[in-house]
Every structure is written in structure tokens, then in C-alpha cells.
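Beneath this line is the structure, given in C-alpha cells, with notes to follow.
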Amino acid sequence: MIKREITNNEKFDDPVFENDSVVGVRSDDLKENILLGSYVIIPKTQVESPFDLSEKEWLDTREIMNEIKNYLDEKYKPDGYNLGWNVGEVGGQNVAHAHFHILPRYKDEPYAGKGIRAWLKKEENLRECFINKQGND
């Protein structure tokens with residue numbers, strides 16, 4: 001593993017984590033103090049989704065994920081985590097390069113206790129084809 005400081009993270013003094021095939025960097029598109037300590041792990045090869053990762057890239061992602069978790073546990077002391085990939089436009093992926101999100105969560109957040117599926121399970125997310133089908137029963 002290589003740890004080094006990068007200029008866009010100077011304010012937070014969060015390191016970059018890197019191994020042979022992936023790099024973990026603090027998410028730099030987040031507003032100050034929102035999702036503090038969030039990271040993304042990005043494969044060094046150009047792959048569009050995690051379905052395209054090699055076995056080595058998966059293993060290296062896990063290695064860096066654990067290093068980042070240990071770092072975040074020590075520095076920010078989160079109460080939990082959300083981990084995930086957004087795949088495809090409908091899945092929320094807005095960059096055509098696979099990247100794994102590590103989101104520390106805290107008890108005092110307004111959305112504490114809401115997991116990654118919380119919004120998807122709401123009735124408002126029921127697909128139109130099922131709404132029409134229910135009306136015909």
C-alpha cells in the first residue's frame with residue numbers, strides 16, 4: 001500500500017490509498033461537512049462496471065476498502081457504513097468508470113438508520129407496469 005497526500009484533500013488531510021490495480025481517494029465532489037470522510041475506490045484500468053473487474057481488481061478493492069475503513073474508524077469514528085457501486089445510468093452511475101463508494105455514517109445524521117435501499121423500497125418507486133396491474137385485480 002502507498003499512502004500519500006494529495007492537494008485537493010489538503011483541507012481534510014486524508015491520504016490516498018493505492019495498490020497494484022486500484023486507488024482509493026476521498027470523494028472531492030461533496031459539500032463541506034456532508035458525508036465527511038467518504039471515499040471512492042477506482043480501478044486503474046478503464047472498466048465501466050464492477051461486472052468487468054478482474055479477480056485481482058476485486059481482491060485489491062477489498063484490500064484497500066479495509067485499509068480505508070481502518071483509517072476512517074480511527075480518524076472519524078463513524079457509527080456505521082454504506083458501501084456500494086452505482087451501475088448504469090438508471091442505477092445512478094454518472095461516470096462511465098467503475099468506482100466503489102465507502103460512505104461513513106453517523107448517529108446524528110438526519111438520515112441515520114436509512115440504508116442504501118431505503119429510498120428504493122418506498123411506494124413512490126413502484127414501477128408503472130405494476131401500478132397498472134394492481135388496478136386490474
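Chain labels run A, B, ... following the order of the C-alpha cells; each chain numbers its residues from 1, and ligands are numbered from 1 in the order shown.
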Counting only C-alpha atoms, what is within 12 Å of Glu55 (chain A), bar same-chain residues fewer than 6 positions away, as a PyMOL selection string?
chain A and resi 21+43+61-62
Shell around Leu53 (chain A) at 12 Å using only C-alpha atoms, local window under 6 positions removed, as a VMD selection string
chain A and resid 21 to 22 42 to 47 59 to 61 97 to 100
Selection above as a file: C-alpha atoms, as a PDB file, in the first residue's frame:
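Once written, result_31.pdb looks like this:
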```
ATOM      1  CA  SER A  21      -4.720  -2.264  -9.537  1.00  0.00           C
ATOM      2  CA  VAL A  22      -6.875   0.251  -7.623  1.00  0.00           C
ATOM      3  CA  ILE A  42     -11.318   3.273  -8.575  1.00  0.00           C
ATOM      4  CA  PRO A  43      -9.696   0.572 -10.712  1.00  0.00           C
ATOM      5  CA  LYS A  44      -6.633   1.755 -12.620  1.00  0.00           C
ATOM      6  CA  THR A  45      -7.853   0.037 -15.789  1.00  0.00           C
ATOM      7  CA  GLN A  46     -10.785   1.577 -17.656  1.00  0.00           C
ATOM      8  CA  VAL A  47     -13.759  -0.625 -16.785  1.00  0.00           C
ATOM      9  CA  LEU A  59      -9.185  -8.621  -4.251  1.00  0.00           C
ATOM     10  CA  ASP A  60      -7.288  -5.330  -4.421  1.00  0.00           C
ATOM     11  CA  THR A  61     -10.549  -3.398  -3.930  1.00  0.00           C
ATOM     12  CA  HIS A  97     -15.821   4.237 -14.987  1.00  0.00           C
ATOM     13  CA  ALA A  98     -16.439   1.776 -12.170  1.00  0.00           C
ATOM     14  CA  HIS A  99     -15.953   3.212  -8.690  1.00  0.00           C
ATOM     15  CA  PHE A 100     -16.813   1.777  -5.272  1.00  0.00           C
TER      16      PHE A 100
END
```
Write out as number ranges by chain which residues come within 7 Å of Asp79 (chain A) when counting only C-alpha atoms, dropping same-chain ones fewer than 6 positions away.
A: 105-107
Next, dump the selected residues to file, keeping only C-alpha atoms, as a PDB file, in the first residue's frame.
```pdb
ATOM      1  CA  ARG A 105     -22.464   7.131   8.608  1.00  0.00           C
ATOM      2  CA  TYR A 106     -23.110   8.886  11.915  1.00  0.00           C
ATOM      3  CA  LYS A 107     -25.879   8.644  14.535  1.00  0.00           C
TER       4      LYS A 107
END
```
Identify, on the basis of only C-alpha atoms, every residue whose closest approach to Val25 (chain A) does not exceed 9 Å; exclude the query and any residue fewer than 3 positions from it along the same chain; express the result as a JSON list (two decimals) with N, CA and C atoms, in the first residue's frame.
```json
[["chain", "number", "residue", "atom", "x", "y", "z"],
["A", 9, "ASN", "N", -7.14, 17.34, -1.20],
["A", 9, "ASN", "CA", -7.59, 16.87, 0.11],
["A", 9, "ASN", "C", -6.83, 17.55, 1.24],
["A", 14, "ASP", "N", -6.62, 13.91, 4.23],
["A", 14, "ASP", "CA", -6.91, 12.49, 4.06],
["A", 14, "ASP", "C", -5.99, 11.90, 3.00],
["A", 15, "PRO", "N", -5.40, 10.75, 3.26],
["A", 15, "PRO", "CA", -4.44, 10.17, 2.32],
["A", 15, "PRO", "C", -5.11, 9.47, 1.15],
["A", 16, "VAL", "N", -4.30, 9.20, 0.14],
["A", 16, "VAL", "CA", -4.67, 8.34, -0.98],
["A", 16, "VAL", "C", -4.20, 6.93, -0.61],
["A", 17, "PHE", "N", -5.00, 5.95, -0.91],
["A", 17, "PHE", "CA", -4.64, 4.55, -0.69],
["A", 17, "PHE", "C", -4.50, 3.90, -2.06],
["A", 18, "GLU", "N", -3.44, 3.12, -2.25],
["A", 18, "GLU", "CA", -3.19, 2.58, -3.57],
["A", 18, "GLU", "C", -2.49, 1.24, -3.48],
["A", 28, "ASP", "N", -14.21, 14.07, -3.74],
["A", 28, "ASP", "CA", -13.94, 15.51, -3.71],
["A", 28, "ASP", "C", -15.09, 16.32, -4.30],
["A", 38, "SER", "N", -15.96, 10.37, 3.17],
["A", 38, "SER", "CA", -16.33, 9.46, 2.09],
["A", 38, "SER", "C", -15.17, 9.25, 1.13],
["A", 39, "TYR", "N", -15.06, 8.03, 0.65],
["A", 39, "TYR", "CA", -14.02, 7.65, -0.30],
["A", 39, "TYR", "C", -14.64, 6.93, -1.48],
["A", 40, "VAL", "N", -13.91, 6.91, -2.59],
["A", 40, "VAL", "CA", -14.21, 6.03, -3.71],
["A", 40, "VAL", "C", -12.94, 5.24, -4.03],
["A", 41, "ILE", "N", -13.15, 3.98, -4.40],
["A", 41, "ILE", "CA", -12.05, 3.14, -4.86],
["A", 41, "ILE", "C", -12.25, 2.94, -6.36],
["A", 42, "ILE", "N", -11.22, 3.25, -7.12],
["A", 42, "ILE", "CA", -11.32, 3.27, -8.57],
["A", 42, "ILE", "C", -10.28, 2.32, -9.16]]
```
Find the distance between CA of Glu67 (chain A) and CA of Pro50 (chain A) and write it in Å to one decimal.
19.7 Å
Atomic distance CA of Leu103 (chain A) - CA of Arg127 (chain A), expressed in Å with one decimal:
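Computing it gives 27.8 Å between the two atoms.
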Between CA of Ser49 (chain A) and CA of Ala112 (chain A), what is the spacing in Å?
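Taking CA of Ala112 (chain A) and CA of Ser49 (chain A), their separation equals 28.1 Å.
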What are the DSSP alpha helix (DSSP H) residues of region 65-126 of chain A, as a PyMOL selection string?
chain A and resi 65-75
Dump of C-alpha atoms for the selected residues, as a PDB file, in the first residue's frame:
```
ATOM      1  CA  MET A  65     -11.517  -0.979   1.382  1.00  0.00           C
ATOM      2  CA  ASN A  66     -10.272  -2.498   4.643  1.00  0.00           C
ATOM      3  CA  GLU A  67      -7.348  -0.068   4.851  1.00  0.00           C
ATOM      4  CA  ILE A  68      -9.691   2.876   4.296  1.00  0.00           C
ATOM      5  CA  LYS A  69     -12.144   1.534   6.894  1.00  0.00           C
ATOM      6  CA  ASN A  70      -9.366   1.219   9.475  1.00  0.00           C
ATOM      7  CA  TYR A  71      -8.244   4.763   8.701  1.00  0.00           C
ATOM      8  CA  LEU A  72     -11.793   6.171   8.902  1.00  0.00           C
ATOM      9  CA  ASP A  73     -12.532   4.287  12.127  1.00  0.00           C
ATOM     10  CA  GLU A  74      -9.503   5.903  13.720  1.00  0.00           C
ATOM     11  CA  LYS A  75      -9.859   9.429  12.317  1.00  0.00           C
TER      12      LYS A  75
END
```
With only C-alpha atoms as the atoms that count, which of A:Ala96, A:Val90, A:Cys129, A:Leu35 lies nearest to Tyr76 (chain A)?
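Answer, going by the shortest atom-to-atom distance: A:Leu35.
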Nearest to Phe51 (chain A), chosen from A:Gly24, A:Pro78, A:Asn19, A:Trp85, with only C-alpha atoms counted in the distances:
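Looking only at the distances to Phe51 (chain A), the closest residue turns out to be A:Trp85.
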Using only C-alpha atoms, can you tell me which of A:Val23, A:Ile131, A:Glu89, A:Gly37 comes closest to Ile64 (chain A)?
A:Val23
Residues flagged strand (DSSP E) by DSSP in region 37-106 of chain A, as a PyMOL selection string:
chain A and resi 39-43+80-85+100-105
